[in-house]
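Asker: This is the structure I want to talk about, given as structure tokens.
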Amino acid sequence: MKHKKVLSSASSLFNHRLDLVRPQKITSECRSREERNETKHGHAREQFRDVSWNNRQSPSNHHRMQNNSKQCTTSKRNEIQFHRIDADYGARYNTFGIQMIPKTLHEKLFQKPPPVLDPNINQKCKAQLEEFGLNQGSLKSSDSVDISLPEGTANIAEFFNKIACDQLSPYSDYIARLTECPELPQLPSQWSQNTGWTKYIRNGHIAVPWPECRELVFDVEVCIQNGNNLPALAVAISPDYVYSWTSPALGKPWLYNRKPSTELLIPLGSEPKLIVGHHVMYDRARVAEEYQENRSKLRFLDTQSLHMCVSGLENNQKGQWLGANANDDLSKAWMKVGAPNSLAATHKLYCGKDLDKSERDIFVSGSHQDVQEMFQSLVSYCANDVLATFHVLKKVWKLYVERFPSPVTLAGMFEMASCFIPTNINWYRYVAESDATFYEMQGEIQKVLSLLADEVLLKYHLNKEKSLADPWMSQLNWSCKKILGVKTKKLSVKAQKEEDENREKQRNTPFTIAAAIDKVCSGSSDKPKHYLGAPEWYRSLCPKASSYHDISWQRGPLDISLPTAVAPLLLQLAYQDHPVYRTHHHGWGYLVPKSQDEAVVRLALVKKFFPDAVAIDTLNNLPDHELEDNARLEYESDIEEIRNQIELLSKSGENPHLFLHYDFKKISLNAHHVGNVGNPLGKGFTNSIEEGIISSFGSAEAQQVLTLGLGLTSWRNTRSRIISQFVVELQDSDFSSGEAAAIGTKNLVGAILPQVVPAGTITRRATEQLWLTASNVRSDRVGSEFKGVVTPFPGYCFVGADVDSQELWIASLIGDSKFGEHGATPLGWMSLQGQKSSGTDMHSMTAAELSQGRPGLVSRNAAKAFNYARIYGSGKGLARSMLRDCCKELNDEEIHAIIDHMFQRTKGKQMYQLTKLGKKQAIMHDLNLNEISAEDLENMSRLTGFTPFQLANHQKSRYSGGSESAMFNKLEDIAKSKHPATPFLGSRITRTLEPEVIQRSYQLNSRINWVVQSSAVDFLHLLLVCMKWLMSDYQIPGRFALSIHDEVRFHIPLEYKYEAALALQISNLLTRAFFSSQLGIHDLPNNVAFFSGVDIDRSLRKDVRDECITPSNPHGLALSYGIEPGEELDIFALLEKVNVLNLANESFSKSC
């Protein structure tokens, strides 16, 4: 048996010596290099571990054994060698103290040597780092890894281009044939209703198992109302033939009552095919082959995604476009090159023709019988959608190829279109448990609200004046329905006295709430159940009895829940510690009380300037107030505000004099929201309740309702999307081994194909209604554990990783590229070398800036939100609103000062280049000739009499002096360029945001945000393409499962989990190297070369150790679902695992 040799060295140039430690293979190339270094550098002290990754055969898995016979196969792969380099002897640093990858690994990744900066630039960068207190000395080193890589990676751009082209073959040929086809075949005059696929030929039609053509434009129609999400019919058209498919269940409606299985889906065959559709992932979910254990050879091209890349609309533009289109006034330049993403809108944009979509309603609201009766016209409708998709493809494809030159982009979109979520019996159990817990907690909330309603009613009848003075109770409708035929008997003096004594006794003695409420509410003895004597708000909450003898009827306000309008009032809800108030015209707001002095002054101003507004006797009876006190004259400036308050409240039917004691302010969802809002207990205010912005002044029971209500938000918001997931149970034929099939069918194993739009936004981020939007598990949220209960197929696991601070690293890298070295800017240094423990990471430093010497005022977690909002282009307005919500004790003056300071320290001062006129004026007044700050520009404007726009060029501003100034300058340079494109794959921005059709300053924040997020999409596409290549090249079975923002997960056989994890690490290494080299920095920091950890788990949860305990899963995943904790491995722990497997594999190979 050969022995493993441990390599070690005494210098940074990797001196090696041989040590017989354990069985291991070493290549001759490695041995010769070791001998050369040993001769050159002598003694060794640098520790390495040498691990070979060989193609191995396991006796226990069908992927590696065939026909259950014991076989050994020869490796067809090159050996990959890993070396662990001890930090004390092999660390390499750049000029700013950033530890870089080992020299030998650098030589394999970059053709050019590490950057050497100009001394002046170097000194300037170091000075700025010192200005921000970023110490470049006494840094802790970490171990690093050397790895043998595939040939060609030194030219990393050419390497990615080659593997992407290989993955696109033969599908790129299919696209070319389809887009170069002048027209598709003519549609038949009569459609066949035969079950399955029908191929239409010159003299008729024939039945076929599936379309044999390799390029198809495809569309599926589903009966939404009662079709169980199963396909009803479909049409596919190639350049040669037309095909139609009819569901076997269309004539047998009872089949739609069965759980979906692949038998009722559409077969497309096992050969490589290109499937084109508009939102084609919806159609893909109805294709049988896509549910198989191993990925099919079908590739899906989405014209909706192509359109979003080329001519998609930004969110603000969508509303403007819809309004202009309604008025038939698409006159703006960007409206002529963009449209919403529906097939009708895109067809109108690219082809100039309207598309009739009226018959779509039959599939939405009709039955299967309706589809059968209208079969011919509905198949024609489907076929016309196919033709429209083809015409859109021909137009949009030309634009796409021009604007997205890298093959990696398309290959990455193909990967994103292959998402796969396995399911089993756990999924159905999870839904049942969440439903049961939800309704149980909802019942508790209803009980408490019902009791609160009873208490409010009793308080009112015991003391009306006090109740009407209450800011919450006074908003309730206390009017009672007039009861006819009931006469009030006048009491004698003695009887009245007894009545008063009884009422006083009742106030001071315990009583039964039910009896008291019945007494208060019953208007007549013959109809007590209708609560005729109760006020309107209370009666509206009480269910009516169908008759006096209705035994199913229950008393009390039972028709009440958190979404009802009275719930915030019963809970005495407050917004920023001020009572909430609801108007009919302006929705929900809150009342800010005035001082008594201010109220009196406002009364005087109303009487003096708005006499028509004084119409209430109680107001007229108040004494006049003469404005003689000079101290009160300042309130005259409030006249316009008073006018607005009167108009606002008058329009809504409210008391126009409410503003005398309160200022009514509308509640907003965010700093930019100006419309009315719904119930402050609704979906949009969850964060406000959590942060205490919305609170309750009520009893302990009211506080409990708020807590329980938060627990229901997750399930209430996601339930409909979860239960509507198209879960297909798999059959024996869908598995590649009999053993897996037996286990799978027993446990109701199935799959969900998320209907992802691979490029659903203008940043090309993927979108989907559930899997890509749901938040992580929360211990107080019912049903929030849904990703945790997703488990892989029997014998499989999930392998994945989170890209650590992906967008922050990308943004800082773009900033560092100005100087040509990692960590050259404060932002770059903080993102690479900053430590949370020492307060030198970006979020800790921002928290310190915001806290202004008051530790803990703004937490590090809160500072993250400020940082990412700023990097995405948000301005001071949003930051002030966020700080106001975060620190309620700060006044507006303090908030403005803190935010101004933070922006100056981070983004920097905005500097402008002077115009010729500005330079002339600067010479005359002894001012800076090169550039000028906004503040100095205002001063210069006052001094010279010229406007700031005359003195400076506002189109060529830049930032200076901040930790992020270099980054923002680079981002704005890209965003303001003639053709904004990502600096990595050259992906162009949508035509609707290019400077050719909009002003350079218009939507600048959106374009800055686009640069960062679209570059992150480039990163994801590179990572997926590289991972697919490694899995193919090293024969690792499995498939891509899901990508959620910066997470990626793969569905891998257990026997290959460590190899797949290692492939994912290598993919990250190559992707990061590509990013750096594209910006001209031919080096890579050691701490971003590999993922901090790769997860190997039997669950889709975010943390492999999270038990996902929630109200609906109180005992955790292990006890409730049998899901044990997974493992998270860094690169060093992973090498240990792979090494152990290789030793076991070597022993097995010798026994064969």
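Simple scheme: letters A, B, ... for chains in structure tokens order, numbers from 1 for residues in each chain, numbers from 1 for ligands in the order shown.
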Among stretch 927-1034 of chain A, which residues does DSSP mark as helix (DSSP H, G or I) when it is run on the backbone? Keep the chain and numbering as in the structure and answer as a VMD selection string.

Answerer: chain A and resid 934 to 944 948 to 951 965 to 976 991 to 993 1004 to 1033

Asker: If you count only C-alpha atoms, which residues fall within 7 Å of stretch 466-471 of chain A, apart from same-chain ones fewer than 6 positions away, as a list in words?

Answerer: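 Non-adjacent residues within range: Lys459, Tyr460 and Pro579 of chain A.
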
Asker: If we count only C-alpha atoms and set the cut-off at 7 Å, which residues sit around A:Glu964, ignoring sequence neighbours fewer than 5 positions away in its own chain? Please answer as a ChimeraX atom specification.

Answerer: /A:827,906-907

Asker: Show me, as an mmCIF file with N, CA and C atoms, in the first residue's frame, the residues that have an atom within 8 Å of A:Leu105 when counting only C-alpha atoms, minus same-chain residues fewer than 5 positions from it.

Answerer:
data_model
loop_
_atom_site.group_PDB
_atom_site.id
_atom_site.type_symbol
_atom_site.label_atom_id
_atom_site.label_comp_id
_atom_site.auth_asym_id
_atom_site.auth_seq_id
_atom_site.Cartn_x
_atom_site.Cartn_y
_atom_site.Cartn_z
ATOM 1 N N ASP A 146 -3.902 25.376 -0.187
ATOM 2 C CA ASP A 146 -3.495 25.317 -1.585
ATOM 3 C C ASP A 146 -4.238 24.149 -2.213
ATOM 4 N N ILE A 147 -4.587 24.269 -3.462
ATOM 5 C CA ILE A 147 -5.406 23.256 -4.116
ATOM 6 C C ILE A 147 -5.024 23.160 -5.576
ATOM 7 N N SER A 148 -4.944 21.946 -6.087
ATOM 8 C CA SER A 148 -4.693 21.791 -7.519
ATOM 9 C C SER A 148 -6.004 21.961 -8.263
#

Asker: In terms of the shortest atom-to-atom distance over only C-alpha atoms, which of A:Thr992, A:Ser874, A:Gln186, A:Gln475 is closest to A:Val580?

Answerer: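 Among A:Thr992, A:Ser874, A:Gln186, A:Gln475, it is A:Gln475 that comes nearest to A:Val580.
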
Asker: Can you tell me which residues surround stretch 229-235 of chain A at a distance of at most 8 Å, considering only C-alpha atoms, apart from same-chain residues fewer than 5 positions away, and format the answer as a PDB file with N, CA, C and O atoms, in the first residue's frame?

Answerer:
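Listed below is the output, part_4.pdb:
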ATOM      1  N   PHE A 218     -44.103  26.437 -26.116  1.00  0.00           N
ATOM      2  CA  PHE A 218     -44.976  25.580 -25.314  1.00  0.00           C
ATOM      3  C   PHE A 218     -45.885  26.418 -24.432  1.00  0.00           C
ATOM      4  O   PHE A 218     -45.481  27.471 -23.917  1.00  0.00           O
ATOM      5  N   ASP A 219     -47.131  25.953 -24.261  1.00  0.00           N
ATOM      6  CA  ASP A 219     -48.055  26.617 -23.340  1.00  0.00           C
ATOM      7  C   ASP A 219     -49.030  25.591 -22.784  1.00  0.00           C
ATOM      8  O   ASP A 219     -49.478  24.693 -23.509  1.00  0.00           O
ATOM      9  N   VAL A 220     -49.326  25.724 -21.504  1.00  0.00           N
ATOM     10  CA  VAL A 220     -50.219  24.804 -20.797  1.00  0.00           C
ATOM     11  C   VAL A 220     -51.380  25.602 -20.227  1.00  0.00           C
ATOM     12  O   VAL A 220     -51.196  26.720 -19.743  1.00  0.00           O
ATOM     13  N   GLU A 221     -52.568  25.031 -20.283  1.00  0.00           N
ATOM     14  CA  GLU A 221     -53.742  25.656 -19.679  1.00  0.00           C
ATOM     15  C   GLU A 221     -54.270  24.764 -18.560  1.00  0.00           C
ATOM     16  O   GLU A 221     -54.292  23.535 -18.683  1.00  0.00           O
ATOM     17  N   VAL A 222     -54.685  25.415 -17.459  1.00  0.00           N
ATOM     18  CA  VAL A 222     -55.129  24.713 -16.256  1.00  0.00           C
ATOM     19  C   VAL A 222     -56.481  25.262 -15.839  1.00  0.00           C
ATOM     20  O   VAL A 222     -56.705  26.475 -15.895  1.00  0.00           O
ATOM     21  N   CYS A 223     -57.387  24.373 -15.413  1.00  0.00           N
ATOM     22  CA  CYS A 223     -58.665  24.808 -14.841  1.00  0.00           C
ATOM     23  C   CYS A 223     -58.410  25.206 -13.388  1.00  0.00           C
ATOM     24  O   CYS A 223     -58.201  24.336 -12.536  1.00  0.00           O
ATOM     25  N   ILE A 224     -58.438  26.493 -13.116  1.00  0.00           N
ATOM     26  CA  ILE A 224     -58.078  26.979 -11.787  1.00  0.00           C
ATOM     27  C   ILE A 224     -59.137  26.616 -10.761  1.00  0.00           C
ATOM     28  O   ILE A 224     -58.827  26.246  -9.629  1.00  0.00           O
ATOM     29  N   VAL A 242     -47.001  21.064 -35.504  1.00  0.00           N
ATOM     30  CA  VAL A 242     -47.856  21.532 -34.417  1.00  0.00           C
ATOM     31  C   VAL A 242     -48.300  20.323 -33.613  1.00  0.00           C
ATOM     32  O   VAL A 242     -48.647  19.279 -34.187  1.00  0.00           O
ATOM     33  N   TYR A 243     -48.288  20.447 -32.291  1.00  0.00           N
ATOM     34  CA  TYR A 243     -48.714  19.362 -31.411  1.00  0.00           C
ATOM     35  C   TYR A 243     -49.729  19.901 -30.412  1.00  0.00           C
ATOM     36  O   TYR A 243     -49.645  21.060 -29.979  1.00  0.00           O
ATOM     37  N   SER A 244     -50.671  19.052 -30.038  1.00  0.00           N
ATOM     38  CA  SER A 244     -51.594  19.399 -28.953  1.00  0.00           C
ATOM     39  C   SER A 244     -51.683  18.216 -27.991  1.00  0.00           C
ATOM     40  O   SER A 244     -51.469  17.062 -28.381  1.00  0.00           O
ATOM     41  N   TRP A 245     -51.966  18.552 -26.737  1.00  0.00           N
ATOM     42  CA  TRP A 245     -52.075  17.513 -25.698  1.00  0.00           C
ATOM     43  C   TRP A 245     -53.371  17.713 -24.955  1.00  0.00           C
ATOM     44  O   TRP A 245     -53.734  18.844 -24.585  1.00  0.00           O
ATOM     45  N   THR A 246     -54.089  16.611 -24.721  1.00  0.00           N
ATOM     46  CA  THR A 246     -55.343  16.647 -23.984  1.00  0.00           C
ATOM     47  C   THR A 246     -55.220  15.755 -22.757  1.00  0.00           C
ATOM     48  O   THR A 246     -54.752  14.615 -22.855  1.00  0.00           O
ATOM     49  N   SER A 247     -55.634  16.258 -21.613  1.00  0.00           N
ATOM     50  CA  SER A 247     -55.508  15.518 -20.367  1.00  0.00           C
ATOM     51  C   SER A 247     -56.433  14.306 -20.341  1.00  0.00           C
ATOM     52  O   SER A 247     -57.592  14.394 -20.771  1.00  0.00           O
ATOM     53  N   ALA A 249     -57.789  13.289 -17.835  1.00  0.00           N
ATOM     54  CA  ALA A 249     -58.813  13.588 -16.830  1.00  0.00           C
ATOM     55  C   ALA A 249     -59.884  14.529 -17.352  1.00  0.00           C
ATOM     56  O   ALA A 249     -60.884  14.752 -16.662  1.00  0.00           O
ATOM     57  N   LEU A 250     -59.691  15.087 -18.550  1.00  0.00           N
ATOM     58  CA  LEU A 250     -60.650  16.070 -19.041  1.00  0.00           C
ATOM     59  C   LEU A 250     -62.020  15.444 -19.262  1.00  0.00           C
ATOM     60  O   LEU A 250     -63.040  16.063 -18.970  1.00  0.00           O
ATOM     61  N   TYR A 256     -59.509  14.285 -11.345  1.00  0.00           N
ATOM     62  CA  TYR A 256     -58.987  15.516 -10.771  1.00  0.00           C
ATOM     63  C   TYR A 256     -59.091  15.531  -9.253  1.00  0.00           C
ATOM     64  O   TYR A 256     -58.511  16.393  -8.599  1.00  0.00           O
ATOM     65  N   PRO A 260     -52.216  14.805  -7.265  1.00  0.00           N
ATOM     66  CA  PRO A 260     -51.449  14.884  -8.512  1.00  0.00           C
ATOM     67  C   PRO A 260     -50.304  13.870  -8.546  1.00  0.00           C
ATOM     68  O   PRO A 260     -49.585  13.687  -7.556  1.00  0.00           O
ATOM     69  N   LEU A 264     -50.692  12.011 -14.596  1.00  0.00           N
ATOM     70  CA  LEU A 264     -51.630  13.017 -15.092  1.00  0.00           C
ATOM     71  C   LEU A 264     -50.922  14.253 -15.622  1.00  0.00           C
ATOM     72  O   LEU A 264     -51.562  15.254 -15.931  1.00  0.00           O
ATOM     73  N   LEU A 265     -49.582  14.179 -15.729  1.00  0.00           N
ATOM     74  CA  LEU A 265     -48.823  15.307 -16.235  1.00  0.00           C
ATOM     75  C   LEU A 265     -48.446  15.096 -17.699  1.00  0.00           C
ATOM     76  O   LEU A 265     -48.737  14.061 -18.290  1.00  0.00           O
ATOM     77  N   ILE A 266     -47.762  16.078 -18.243  1.00  0.00           N
ATOM     78  CA  ILE A 266     -47.477  16.092 -19.686  1.00  0.00           C
ATOM     79  C   ILE A 266     -46.087  15.513 -19.949  1.00  0.00           C
ATOM     80  O   ILE A 266     -45.102  16.035 -19.430  1.00  0.00           O
ATOM     81  N   ARG A 286     -45.914  21.275 -14.849  1.00  0.00           N
ATOM     82  CA  ARG A 286     -46.881  20.272 -15.357  1.00  0.00           C
ATOM     83  C   ARG A 286     -46.215  19.274 -16.297  1.00  0.00           C
ATOM     84  O   ARG A 286     -46.897  18.546 -17.014  1.00  0.00           O
ATOM     85  N   VAL A 379     -58.414  25.527 -27.326  1.00  0.00           N
ATOM     86  CA  VAL A 379     -57.127  25.052 -27.818  1.00  0.00           C
ATOM     87  C   VAL A 379     -56.553  26.077 -28.795  1.00  0.00           C
ATOM     88  O   VAL A 379     -55.342  26.328 -28.805  1.00  0.00           O
ATOM     89  N   CYS A 382     -55.022  28.760 -26.776  1.00  0.00           N
ATOM     90  CA  CYS A 382     -53.721  28.321 -26.280  1.00  0.00           C
ATOM     91  C   CYS A 382     -52.674  28.374 -27.393  1.00  0.00           C
ATOM     92  O   CYS A 382     -51.539  28.839 -27.174  1.00  0.00           O
ATOM     93  N   ALA A 383     -53.042  27.924 -28.582  1.00  0.00           N
ATOM     94  CA  ALA A 383     -52.107  27.933 -29.712  1.00  0.00           C
ATOM     95  C   ALA A 383     -51.737  29.361 -30.113  1.00  0.00           C
ATOM     96  O   ALA A 383     -50.584  29.632 -30.485  1.00  0.00           O
ATOM     97  N   VAL A 386     -49.090  30.545 -27.959  1.00  0.00           N
ATOM     98  CA  VAL A 386     -47.809  29.972 -28.374  1.00  0.00           C
ATOM     99  C   VAL A 386     -47.214  30.795 -29.523  1.00  0.00           C
ATOM    100  O   VAL A 386     -46.019  31.112 -29.525  1.00  0.00           O
ATOM    101  N   PHE A 726     -48.178  23.050  -5.729  1.00  0.00           N
ATOM    102  CA  PHE A 726     -48.484  21.916  -6.598  1.00  0.00           C
ATOM    103  C   PHE A 726     -47.539  20.768  -6.237  1.00  0.00           C
ATOM    104  O   PHE A 726     -46.432  20.673  -6.752  1.00  0.00           O
TER     105      PHE A 726
END

Asker: I need the residues of stretch 340-524 of chain A that end up classed as strand (DSSP E or B) by DSSP on the backbone, written out as an NGL selection string.

Answerer: :A and (421-423 or 480)

Asker: Limited to all heavy atoms, could you put the picked residues into a file as a compact mmCIF listing (two decimals), in the first residue's frame?

Answerer:
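Final file, result27.txt:
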# COMPACT_ATOMS: atom_id res chain seq x y z
N ILE A 421 -37.86 20.95 -5.23
CA ILE A 421 -38.06 20.83 -3.79
C ILE A 421 -38.69 19.46 -3.49
O ILE A 421 -39.85 19.21 -3.84
CB ILE A 421 -39.00 21.93 -3.25
CG1 ILE A 421 -38.47 23.30 -3.61
CG2 ILE A 421 -39.17 21.78 -1.74
CD1 ILE A 421 -37.18 23.66 -2.94
N PRO A 422 -37.96 18.54 -2.88
CA PRO A 422 -38.54 17.24 -2.52
C PRO A 422 -39.48 17.37 -1.33
O PRO A 422 -39.31 18.24 -0.48
CB PRO A 422 -37.31 16.39 -2.16
CG PRO A 422 -36.29 17.38 -1.73
CD PRO A 422 -36.53 18.64 -2.51
N THR A 423 -40.49 16.52 -1.27
CA THR A 423 -41.44 16.52 -0.17
C THR A 423 -41.70 15.08 0.27
O THR A 423 -41.39 14.13 -0.44
CB THR A 423 -42.78 17.17 -0.56
OG1 THR A 423 -43.38 16.40 -1.64
CG2 THR A 423 -42.60 18.59 -1.02
N CYS A 480 -77.78 53.92 19.08
CA CYS A 480 -78.56 52.68 19.23
C CYS A 480 -79.72 52.68 18.25
O CYS A 480 -80.24 53.73 17.88
CB CYS A 480 -79.10 52.54 20.66
SG CYS A 480 -77.81 52.44 21.91
